[in-house]
Amino acid sequence: MARMKLSRRCSCSVLVLLLIHLGAALEVPLDPKILDELPQPPTITNQSPKDYIIDPRDNILIQCDAKGNPAPRFSWTRNGTHFNIDKDPRVMMKPDSGTLLIDIVGGGKAETYEGEYQCTARNDRGTAVSNQIVIRQSRSPMWAKEKIEPKMVQEGAPLVLHCDPPSGLPPPIIFWMDNSMQRFTQDARVSQGLNGDLYFSNVQPEDTRADYICYARFNHTQTIQQKQPISVKVMTLNAVNETYGVYSNGTELFGDSLVGERRPNILTPKGSSSRKTVLRGQTLYLECIAEGLPTPVISWTKEGGELPAHRVFEINFKKTLKIIRVSEADAGKYRCTAKNYLGTSSHVITVNVKAAPYWINEPKNLVLAPGEDGRLICRAHGNPKPTITWMVNSFPIDNAPSDISRKIMDDTISFTKVQVSSSAVYQCNASNVHGYLLANAFVNVLAETPRMLSEPDQVYQVIANKPALLDCAFFGSPIPQIQWFKDNQGSVLHGESYELHENGTLEIAFSQKNDSGIYTCVATNTHGVVQNQAILQIKDPTTIIKQPRYQSVQTMGTATFECKVKHDSTLSPTIIWLKNNEELPDDSRHRPSGDVLTIFDVSEEDQGSYTCVVNTTLDTNSATAVLTVLARPSTPASTHDRPDPPADLELTNPRDRSVQLSWIPGEEHNSPIQKFVIEYEEDQFEPGLWRHLTDVEGIETTAALQLSPFVNYVFRVVAVNEIGRSEPSLPSEHYYTQPAAPDKNPSGVEGLGTDPNNLVITWEPLKGVEHNGPGLTYKVSWRQKVGDDEWTSMMVANVSKYIVSGTPEFSPYELKVQAFNSFGAAPEPEIVIGYSGEDLPMVAPSNVRVHVVNSTLAKVHWDPVPPKTVRGILQGYKIYYRKQGSLIKRNKQHTEMKILIFSKDKSHGMLPGLEPFSLYKLNVRAFNGKGEGPASADVTLRTPEGVPSLPENLKITSPMLDSLTLQWDPPLHPNGILKGYTLKYQPINSTHELGPLVEITIPAENETTWTLRNLNYSTRYKFYLNAFTSVGAGSKLTEEAITVMDEAMASRQVDIATQGWFIGLMCAIALLILILLIVCFIKRNKGGKYPVKEKEDAHADPEIQPMKEDDGAFGEYSDTEDHKPLKGSRTPSDGTVKKGVSDDSLVDYGEGGEGQFNEDGSFIGQYSGKKEKETVEGNESSEAPSPVNAMNSFV
C-alpha cells in the first residue's frame, strides 16, 4: 500500500480518503453509543420480494424493516393509494417495524388482499420507500373433466401423449406416473417435453398399458392434481385388422399401415425454424424432440460460434440444451440435428437476449460535512435501454422543494456546498418493459466533533522484526485529520519507517526494540480535537540456539535429542515434542523432559522425524531431526563415513548487502571434505524453508555472502565428502539487512486482451527476497503505440495482473511494469508491446470463385480480407462446404457441413473427396484468435460426371443347357448419367484354362437383367460386369456359373431310377443277401472241429504241413477262429477275383471234384459228401456276400 505522508498541506487528500472510509463505516455496525447519537436518514434493510405469491390458507406476512435515527415511522400504499391499516381489524403492523401481518387463518380471504403494496419509512432526515410488492395468491386448479379415448398405434410409429395441465400460480411441476405411483423410465426414445407432454420417438409393444397418468404438483399449496389415465395399445401388423374392428368405435388409430424404419422428423418445435426470447441472467432452455426409427440421436451447434463453455448442459438425453446465466453473447442461431443411419433432420432456433435493467453504478449513501461537494450516480443497462427517473423522499424530484445545492444531469445528481438542510433520501428508478430497479441512497450532512472508537491505553506486544499495528478508530464530520506522536515528542511520526492507513491505524513494518514506547493518536477537524494513547512493547524473538541433531542409533540403544531455547525474559516458553508431526507414543520409553527428549531401548518403529516446538504467547519456533535405526552389525563398521557437521558459526564484517561467515570443520572420518554448502532461512516470506546460498571449496572455512536487502537471515553449513553430506550445523545468529529500493522489475510482462474492449497486463511478481523493503507495489503503465498519448499508470499491490478497460479493439500498446517499495523505485523498466482484445473479423473474403479440377477435386480462390478489417491477428481462412444433392436425383440432401482450414498466407485451397455429378454450396470465412468473421456469399459448385461404382448384387439364375440369366442392381454411386453395362464372359475348361472372351454392351434403360443363350451345356463360365457413363467404365464385378449337362444323359439317369423292374431287382438282391447272412451265422455257431482237420492230423501230409507252419491258417477250426478272416480272402474293390490273391482258393484244384487228388483216397472221400459246403466256403473266402459287392455287380 502506498505510504501516506502526514502534513497539513496534504490534509485535503486525507479528508477525501477518510470520507470514503466514513461512507463505508456507516454501513457496518458502529459503537451503539455513537449510533444512538448520530442522526441518519432511513434505510430499508429488509423487504418482501417484488413478486410475492402467497398460500391462500396461511396468514399473509409482508415484510418491511428500516433503520435510521430517529427511528423511522412506517406507512403503506395499496394499488397506489394510502392503505389505512387501522380500519381493517385483520391487518396489524409489528412493533418497531413496518411489517404487515394479515389474518387469513381466522376467516379472512386471501383474494381480498391481492394487489400492489409499497412501504414508506420516514424520519426527520428523509423518506425511504420499498419496492412495489405485488401480492398474488397461489392457485392449483384441477383438470377439466374429459373423456380420453384409448389410443391405438402401430408398432414403430411416433406418439405424443398430451398433458395440457391447468394454469396455476406459479406453474406446476409436471411428471408422469402409473397407477402404482411409479414414475415411467425415460430414455432417448421416451421422454417428457418442457410443456409436460410425453413423447415417443417410436412405440414398441412393451409401451402397451392403460395407466399413463400426468400429474401436476403445485408447490405453494403442497397439492398434486392428476389427469385421467390414458390407455395406449401398440399393435403389430398382424393384429391391425382384428384390433381395428374392436376399437374402431370412436377410438383414435395411429399409423394404420406398416411403420418401418425411417429418417428422423422433428416433433417439436414445429417447422424448420422458430424464435425464443430470454432475459439476461436467466436460464435458457432450448428443446428439440424428434421421431424416427431407429431412435434418433440429438446434437446441438451454434451457427457462427461455439456453445458457451462451462455454462451449457445437454439434459433430457440431449433433447434439451440448458444455458445458465445467459448473457448478450448467447444470442444467435442454435441448430439441433436429429440423426439416425437413414438420414438427418434439423431445426434452427433464433435466440434473442433482452435484459431487465441491471446496475452499472448503484447509487451509494453520501455522508458530507457542511460546505462539501458530492454526487449520486445511478447508472443501469438493459435491453431496451432503461429509463432513469429520480425521486426525493418518495416524491418525483420535479415536484420536490427546490435545493440550490442540487443539480440533476440524467443519471447523476451533483451537490455543491451542502448544508444540514440538504439531508434527504433519493430514490433512483431504472425501468424498461422487462422490469425495474429501485434504489434508495441518502445524503446525510453531519457536523460532528471527532470521537475515538478504539479503547484507550491499549497495550500491544510485538516480536522484534515483525509488523506492529496500532489501532486508532475514529469518527467525525468533517473527516478528522489523524496524526501520531511518540513518547510526548512534539514531532509527527512520518518517514519510511511508518505507514498510516485510511482507518487511522499506524503500521511499523519492521519493528525494533527501540520502537517500544507510548504512542498518541490525535484526531482533529473544524469542530474539535480528541486523542487516544497506545503502548507498544517489542519483545525478543524466541530462537532455538541448539537444535536437535540427526542421529543413527542401533536397535536397543538410546537416542537423545536436545533443544536449547533463547527467549525474551518477559515471556514463558513451553516446549512440546512431536514424532512425525504427531504426539509422542504414550509409553515409558519416550521420556520428554523440558528441552531434552530421551528414547530408551530403540526399536525399528522409533525411526522417523522428531520435532521440538517452542511456543510463547507471541511467537513459535521449531526444529526437526531424523532418527535412523540401524541393525546391530555382524562385521566391524567401515572406517570411512560422512563428515561431522561444522561448528561455531560466526558472522563478521557486516555490510548493507554482505556479511562474512566463518566456521570450524567437523571430523572428516578418513574422507577429505570436498566442499561446504551454505544455506539460509528467512522468517518473513518463507519461514522454515532452507534455501541454497553458495558453495565453497573444502579447504575454506570462511565465505563472503552476498545478501538481499530487507531479509532477516540465519545461516547453516553442510560439509560434503565422497561418502555423502554431513548433518547441518547449528544455525548462526540472525542477521538483518537494511531495506532498500528494489533492484529489479517484474519479468514476463505481457499484454493480451480477452475481450474486444480490454487489455490484460500480466507479469511474474518478484520473489519475497527480491522485495528489498516493505510496501511492495507495482506501477503498471500503458499507452497506445500509435499517436502521442501520455502514459497512464496505476499502482497495484499483491497482484500479478491488471485489466485496462475501454480500449479500442486490437490496438498495439506500449507497456511497462515497475516495482516500488517504501524506499523507492526499481530501475526504469523495459517497454514491451501488447495488444488489446481481438474482435471478430468485419468482412468476408471477396471474389470467391471455383475451378473444377476433376469429378472429385475442386480448387477455390478468394481475395484476402483487408488487414484493417481483421481486428486481430489473422490466423487463416475456413472453407465451409456442404453437398446439396445429386444432379441425377435432383433431390436435396441434408449432409453435414464440412470445414477445411487454410493458413493466413493462402488465397486458394483444394477441396478433395467430392462426389461426382453433385451439387455443392460453399463459402469462405476469415478467422482470428477471437473467432470467425462473416461468411462470403454462397458459391455453387457442380462436379462433372465420373466413372460409376461397381454394380450391386450380381446373381446367376435359371441355369439351362445353353443359357444363363444374370440379374444385378444398379451401382450405388452412378457418379453420372448411366449409359449402360459392359458384360464379358468366357468358358473355363476342366484344367481351369480360360477360353475366348465374348463382350456384350447392355443399355442402361432400366435394364438390370440379361439372358445369355447358345452356351455349351455342362460348362463353367466366368462373367465380368461393369457400368459406364459418358466418362468411362467403372470397376468390374465378377461371378462364375455352370450350365446343366446333356438332356439325354440326364433323362436316362432319371428313367432308370424310376423304373419298377429296377426297384424290384434291388429288393430281391437285398433279400438274398439277408438269407446268406443268416446261413453263415448258423454255420459258424455250431462249434467243435471239422472232420477234415482229423484226417489231416492222421495222415500228416508232408506237403501240407509246411503250409500250416508258414501261416497257421489251417489250425484248429474252432468257434473263435471262425471270426478271423482267412488270409488272402479280401475282395478287390472292383468285385473281381484275381489269380494268386488267395492261397486256399478252389481255383488251384481245378473245376472237377473227382480224380484230382487220389493218392490215398482220403481227400476225395472226405470232400465228396461236402461239395456243397466247399462251394459255399470257397465263395466265402473269394467273394464275400456283402451288399457293396452286390451293388458293384450292377454297375
# chains A, B, ... in the order shown; residues from 1 in each chain; ligands from 1
>>> residues_around(residues="Leu651 in chain A", least_positions_apart="6", cutoff="7 Å", atoms="only C-alpha atoms", output="number ranges by chain")
A: 659-662
>>> select_by_dssp(residues="range 774-851 of chain A", states="strand (DSSP E)", output="ChimeraX atom specification")
/A:777-784,792-796,801-805,812-821,824-825,832-835,846-851
>>> residues_around(residues="Phe317 in chain A", least_positions_apart="6", cutoff="9 Å", atoms="only C-alpha atoms", output="list in words")
Gln186, Asp187, Ala188, Ser191, Val297 and Ile298 of chain A
>>> write_last_selection(atoms="all heavy atoms", output="compact mmCIF listing (two decimals), in the first residue's frame")
# COMPACT_ATOMS: atom_id res chain seq x y z
N GLN A 186 -37.57 -43.01 -18.43
CA GLN A 186 -37.41 -42.22 -19.65
C GLN A 186 -36.02 -42.46 -20.23
O GLN A 186 -35.06 -42.72 -19.50
CB GLN A 186 -37.63 -40.74 -19.38
CG GLN A 186 -39.03 -40.43 -18.86
CD GLN A 186 -39.33 -38.95 -18.79
OE1 GLN A 186 -38.71 -38.14 -19.45
NE2 GLN A 186 -40.30 -38.58 -17.96
N ASP A 187 -35.93 -42.36 -21.54
CA ASP A 187 -34.66 -42.58 -22.22
C ASP A 187 -34.68 -41.80 -23.53
O ASP A 187 -35.53 -40.92 -23.73
CB ASP A 187 -34.42 -44.07 -22.46
CG ASP A 187 -35.60 -44.77 -23.14
OD1 ASP A 187 -36.35 -44.08 -23.87
OD2 ASP A 187 -35.76 -45.98 -22.95
N ALA A 188 -33.76 -42.13 -24.42
CA ALA A 188 -33.68 -41.40 -25.69
C ALA A 188 -34.91 -41.62 -26.54
O ALA A 188 -35.25 -40.78 -27.37
CB ALA A 188 -32.42 -41.84 -26.46
N SER A 191 -39.50 -39.65 -23.62
CA SER A 191 -39.10 -38.59 -22.68
C SER A 191 -40.20 -37.55 -22.60
O SER A 191 -41.07 -37.45 -23.47
CB SER A 191 -37.79 -37.94 -23.12
OG SER A 191 -37.94 -37.33 -24.39
N VAL A 297 -30.62 -39.61 -32.60
CA VAL A 297 -29.72 -39.01 -31.62
C VAL A 297 -29.67 -37.51 -31.90
O VAL A 297 -29.54 -37.09 -33.05
CB VAL A 297 -28.31 -39.61 -31.70
CG1 VAL A 297 -27.36 -38.91 -30.74
CG2 VAL A 297 -28.37 -41.10 -31.41
N ILE A 298 -29.80 -36.69 -30.85
CA ILE A 298 -29.86 -35.24 -30.99
C ILE A 298 -28.48 -34.64 -30.72
O ILE A 298 -27.78 -35.04 -29.79
CB ILE A 298 -30.89 -34.62 -30.02
CG1 ILE A 298 -32.28 -35.27 -30.23
CG2 ILE A 298 -30.98 -33.11 -30.20
CD1 ILE A 298 -32.90 -35.01 -31.55
>>> closest_residue(among="A:Ser1035, A:Pro95, A:Cys336, A:Leu61", to="Phe74 in chain A", atoms="only C-alpha atoms")
A:Pro95
>>> closest_residue(among="A:Tyr835, A:Ile956, A:Ala439, A:Gly371", to="Ile44 in chain A", atoms="only C-alpha atoms")
A:Ala439
>>> atom_distance(atom1="CA of Cys472 in chain A", atom2="CA of Thr449 in chain A")
15.7 Å
>>> closest_atom_pairs(of="range 456-483 of chain A", to="range 670-691 of chain A", cutoff="12 Å", atoms="only C-alpha atoms", output="Markdown table")
| residue | atom | partner | partner_atom | distance |
| --- | --- | --- | --- | --- |
| A:Ile463 | CA | A:Asp683 | CA | 11.9 |
| A:Ala464 | CA | A:Asp683 | CA | 11.5 |
| A:Asn465 | CA | A:Gln684 | CA | 8.8 |
| A:Lys466 | CA | A:Gln684 | CA | 8.1 |
| A:Pro467 | CA | A:Gln684 | CA | 10.1 |
>>> closest_residue(among="A:Ala309, A:Glu583, A:Val129, A:Gly281", to="Val392 in chain A", atoms="only C-alpha atoms")
A:Val129
>>> closest_residue(among="A:Ala926, A:Ile803, A:Met1045, A:Leu500", to="Gly751 in chain A", atoms="only C-alpha atoms")
A:Ile803
>>> closest_residue(among="A:Val443, A:Leu693, A:Ala1068, A:Val860", to="Gln427 in chain A", atoms="only C-alpha atoms")
A:Val443
>>> atom_distance(atom1="CA of Gly787 in chain A", atom2="CA of Trp763 in chain A")
25.2 Å
>>> residues_around(residues="Pro996 in chain A", least_positions_apart="2", cutoff="10 Å", atoms="only C-alpha atoms", output="list in words")
Tyr985, Gln986, Pro987, Ile988, Leu994 and Val998 of chain A
>>> decode(residues="range 935-958 of chain A", atoms="N, CA, C and O atoms", output="mmCIF file, in the first residue's frame")
data_model
loop_
_atom_site.group_PDB
_atom_site.id
_atom_site.type_symbol
_atom_site.label_atom_id
_atom_site.label_comp_id
_atom_site.auth_asym_id
_atom_site.auth_seq_id
_atom_site.Cartn_x
_atom_site.Cartn_y
_atom_site.Cartn_z
ATOM 1 N N ALA A 935 -19.535 -14.925 -43.243
ATOM 2 C CA ALA A 935 -19.304 -15.815 -44.376
ATOM 3 C C ALA A 935 -19.483 -15.067 -45.680
ATOM 4 O O ALA A 935 -20.293 -14.134 -45.793
ATOM 5 N N SER A 936 -18.722 -15.462 -46.674
ATOM 6 C CA SER A 936 -18.912 -14.898 -48.003
ATOM 7 C C SER A 936 -20.221 -15.406 -48.579
ATOM 8 O O SER A 936 -20.856 -16.321 -48.043
ATOM 9 N N ALA A 937 -20.641 -14.806 -49.657
ATOM 10 C CA ALA A 937 -21.850 -15.279 -50.333
ATOM 11 C C ALA A 937 -21.627 -16.718 -50.805
ATOM 12 O O ALA A 937 -20.520 -17.088 -51.223
ATOM 13 N N ASP A 938 -22.676 -17.529 -50.698
ATOM 14 C CA ASP A 938 -22.554 -18.928 -51.112
ATOM 15 C C ASP A 938 -22.233 -19.035 -52.595
ATOM 16 O O ASP A 938 -22.790 -18.306 -53.441
ATOM 17 N N VAL A 939 -21.330 -19.922 -52.925
ATOM 18 C CA VAL A 939 -20.953 -20.194 -54.313
ATOM 19 C C VAL A 939 -21.370 -21.625 -54.624
ATOM 20 O O VAL A 939 -21.156 -22.536 -53.812
ATOM 21 N N THR A 940 -21.968 -21.807 -55.793
ATOM 22 C CA THR A 940 -22.434 -23.129 -56.206
ATOM 23 C C THR A 940 -21.341 -23.839 -56.988
ATOM 24 O O THR A 940 -20.686 -23.239 -57.849
ATOM 25 N N LEU A 941 -21.154 -25.106 -56.693
ATOM 26 C CA LEU A 941 -20.142 -25.935 -57.353
ATOM 27 C C LEU A 941 -20.823 -27.179 -57.886
ATOM 28 O O LEU A 941 -21.512 -27.883 -57.147
ATOM 29 N N ARG A 942 -20.639 -27.414 -59.178
ATOM 30 C CA ARG A 942 -21.177 -28.630 -59.807
ATOM 31 C C ARG A 942 -20.014 -29.488 -60.262
ATOM 32 O O ARG A 942 -19.204 -29.062 -61.093
ATOM 33 N N THR A 943 -19.924 -30.682 -59.732
ATOM 34 C CA THR A 943 -18.849 -31.580 -60.154
ATOM 35 C C THR A 943 -19.287 -32.332 -61.413
ATOM 36 O O THR A 943 -20.458 -32.675 -61.569
ATOM 37 N N PRO A 944 -18.357 -32.588 -62.340
ATOM 38 C CA PRO A 944 -18.711 -33.315 -63.573
ATOM 39 C C PRO A 944 -18.925 -34.796 -63.297
ATOM 40 O O PRO A 944 -18.716 -35.282 -62.184
ATOM 41 N N GLU A 945 -19.330 -35.488 -64.358
ATOM 42 C CA GLU A 945 -19.551 -36.920 -64.226
ATOM 43 C C GLU A 945 -18.226 -37.640 -63.978
ATOM 44 O O GLU A 945 -17.163 -37.184 -64.404
ATOM 45 N N GLY A 946 -18.338 -38.788 -63.347
ATOM 46 C CA GLY A 946 -17.202 -39.666 -63.148
ATOM 47 C C GLY A 946 -17.572 -41.074 -63.537
ATOM 48 O O GLY A 946 -18.672 -41.343 -64.035
ATOM 49 N N VAL A 947 -16.684 -42.000 -63.332
ATOM 50 C CA VAL A 947 -16.996 -43.394 -63.637
ATOM 51 C C VAL A 947 -17.814 -43.953 -62.484
ATOM 52 O O VAL A 947 -17.633 -43.571 -61.338
ATOM 53 N N PRO A 948 -18.736 -44.873 -62.773
ATOM 54 C CA PRO A 948 -19.613 -45.379 -61.707
ATOM 55 C C PRO A 948 -18.890 -46.380 -60.816
ATOM 56 O O PRO A 948 -17.810 -46.887 -61.140
ATOM 57 N N SER A 949 -19.528 -46.677 -59.713
ATOM 58 C CA SER A 949 -19.017 -47.721 -58.826
ATOM 59 C C SER A 949 -19.465 -49.079 -59.342
ATOM 60 O O SER A 949 -20.093 -49.192 -60.397
ATOM 61 N N LEU A 950 -19.121 -50.125 -58.612
ATOM 62 C CA LEU A 950 -19.484 -51.490 -59.014
ATOM 63 C C LEU A 950 -20.996 -51.663 -59.073
ATOM 64 O O LEU A 950 -21.714 -51.100 -58.241
ATOM 65 N N PRO A 951 -21.513 -52.434 -60.028
ATOM 66 C CA PRO A 951 -22.913 -52.857 -59.916
ATOM 67 C C PRO A 951 -23.097 -53.668 -58.645
ATOM 68 O O PRO A 951 -22.153 -54.275 -58.123
ATOM 69 N N GLU A 952 -24.300 -53.680 -58.130
ATOM 70 C CA GLU A 952 -24.577 -54.333 -56.861
ATOM 71 C C GLU A 952 -25.270 -55.678 -57.077
ATOM 72 O O GLU A 952 -26.068 -55.842 -58.004
ATOM 73 N N ASN A 953 -24.940 -56.629 -56.212
ATOM 74 C CA ASN A 953 -25.697 -57.881 -56.076
ATOM 75 C C ASN A 953 -25.860 -58.666 -57.383
ATOM 76 O O ASN A 953 -26.971 -58.999 -57.811
ATOM 77 N N LEU A 954 -24.755 -58.984 -58.047
ATOM 78 C CA LEU A 954 -24.813 -59.791 -59.267
ATOM 79 C C LEU A 954 -25.146 -61.248 -58.907
ATOM 80 O O LEU A 954 -24.460 -61.866 -58.082
ATOM 81 N N LYS A 955 -26.218 -61.763 -59.512
ATOM 82 C CA LYS A 955 -26.647 -63.138 -59.255
ATOM 83 C C LYS A 955 -26.899 -63.841 -60.587
ATOM 84 O O LYS A 955 -27.354 -63.227 -61.561
ATOM 85 N N ILE A 956 -26.620 -65.186 -60.645
ATOM 86 C CA ILE A 956 -26.873 -66.015 -61.834
ATOM 87 C C ILE A 956 -28.068 -66.899 -61.507
ATOM 88 O O ILE A 956 -28.050 -67.674 -60.533
ATOM 89 N N THR A 957 -29.104 -66.784 -62.307
ATOM 90 C CA THR A 957 -30.331 -67.550 -62.047
ATOM 91 C C THR A 957 -30.724 -68.344 -63.293
ATOM 92 O O THR A 957 -30.215 -68.123 -64.401
ATOM 93 N N SER A 958 -31.661 -69.283 -63.101
ATOM 94 C CA SER A 958 -32.277 -70.071 -64.185
ATOM 95 C C SER A 958 -31.242 -70.742 -65.089
ATOM 96 O O SER A 958 -31.198 -70.507 -66.304
#
